[in-house]
Amino acid sequence: MYSTALKHFKTYMKQFDATNLDKKSQFGILEAEVSYGDEKAEYEEGKELLRLHKIRERDPQLIKEAKKRFKKIHGELICEACGINFEKVYGERGKDFIEGHHRKPVSEMKEGETTKVEDIGMLCSNCHRMIHRNPMISIEELKMSLKINWVGISCGD
């Protein structure tokens with residue numbers, strides 16, 4: 001495992017120009033460009049990199065069906081943790097916008113394992129990211145940890 005990672009890291013490092021490598025930090029920023037505490041600091045971005053990733057397949061039809069089921073049961077698509085309804089906040093642009101969350105992480109699934117539509121939770125982008133931070137928590141745990149909801153009413157403390 002480590003030898004493969006090292007091989008990929010070496011390939012990644014070869015992408016940098018060897019003549020400029022000593023002048024750049026690990027983020028590709030020229031040391032002369034950095035002015036700590038200065039709001040006018042500039043950062044070089046947009047460089048193309050080739051990355052090799054191993055991913056697990058997901059079936060997009062599963063999320064479509066889960067959204068359809070949720071909307072049929074609840075009448076609208078809302079985040080199960082914080083309650084935001086994107087259509088109410090963003091109008092037509094937010095209609096039917098919500099992320100599907102696998103209650104059992106795809107990374108823990110074995111090849112050929114199946115997921116039921118009811119195993120998908122509905123989350124806004126922020127709540128989805130919060131759930132996936134380490135350590136990963138459930139929708140219910142996140143909901144209990146929220147300090148405010150979208151109408152500004154305190155939920156805790």
# chains A, B, ... in the order shown; residues from 1 in each chain; ligands from 1
>>> select_by_dssp(residues="stretch 30-143 of chain A", states="alpha helix (DSSP H)", output="VMD selection string")
chain A and resid 60 to 74 86 to 90 125 to 131 139 to 143
>>> residues_around(residues="stretch 74-91 of chain A", least_positions_apart="4", cutoff="12 Å", atoms="only C-alpha atoms", output="number ranges by chain")
A: 64, 66-70, 95-101, 120-131, 137-155
>>> atom_distance(atom1="atom CA of A:Ile73", atom2="atom CA of A:Glu118")
11.3 Å
>>> atom_distance(atom1="atom CA of A:Arg58", atom2="atom CA of A:Gly94")
23.4 Å
>>> closest_residue(among="A:Leu52, A:Glu57, A:Glu39, A:Lys47", to="A:Ser107", atoms="only C-alpha atoms")
A:Glu57
>>> atom_distance(atom1="atom CA of A:Glu113", atom2="atom CA of A:Ile55")
15.4 Å
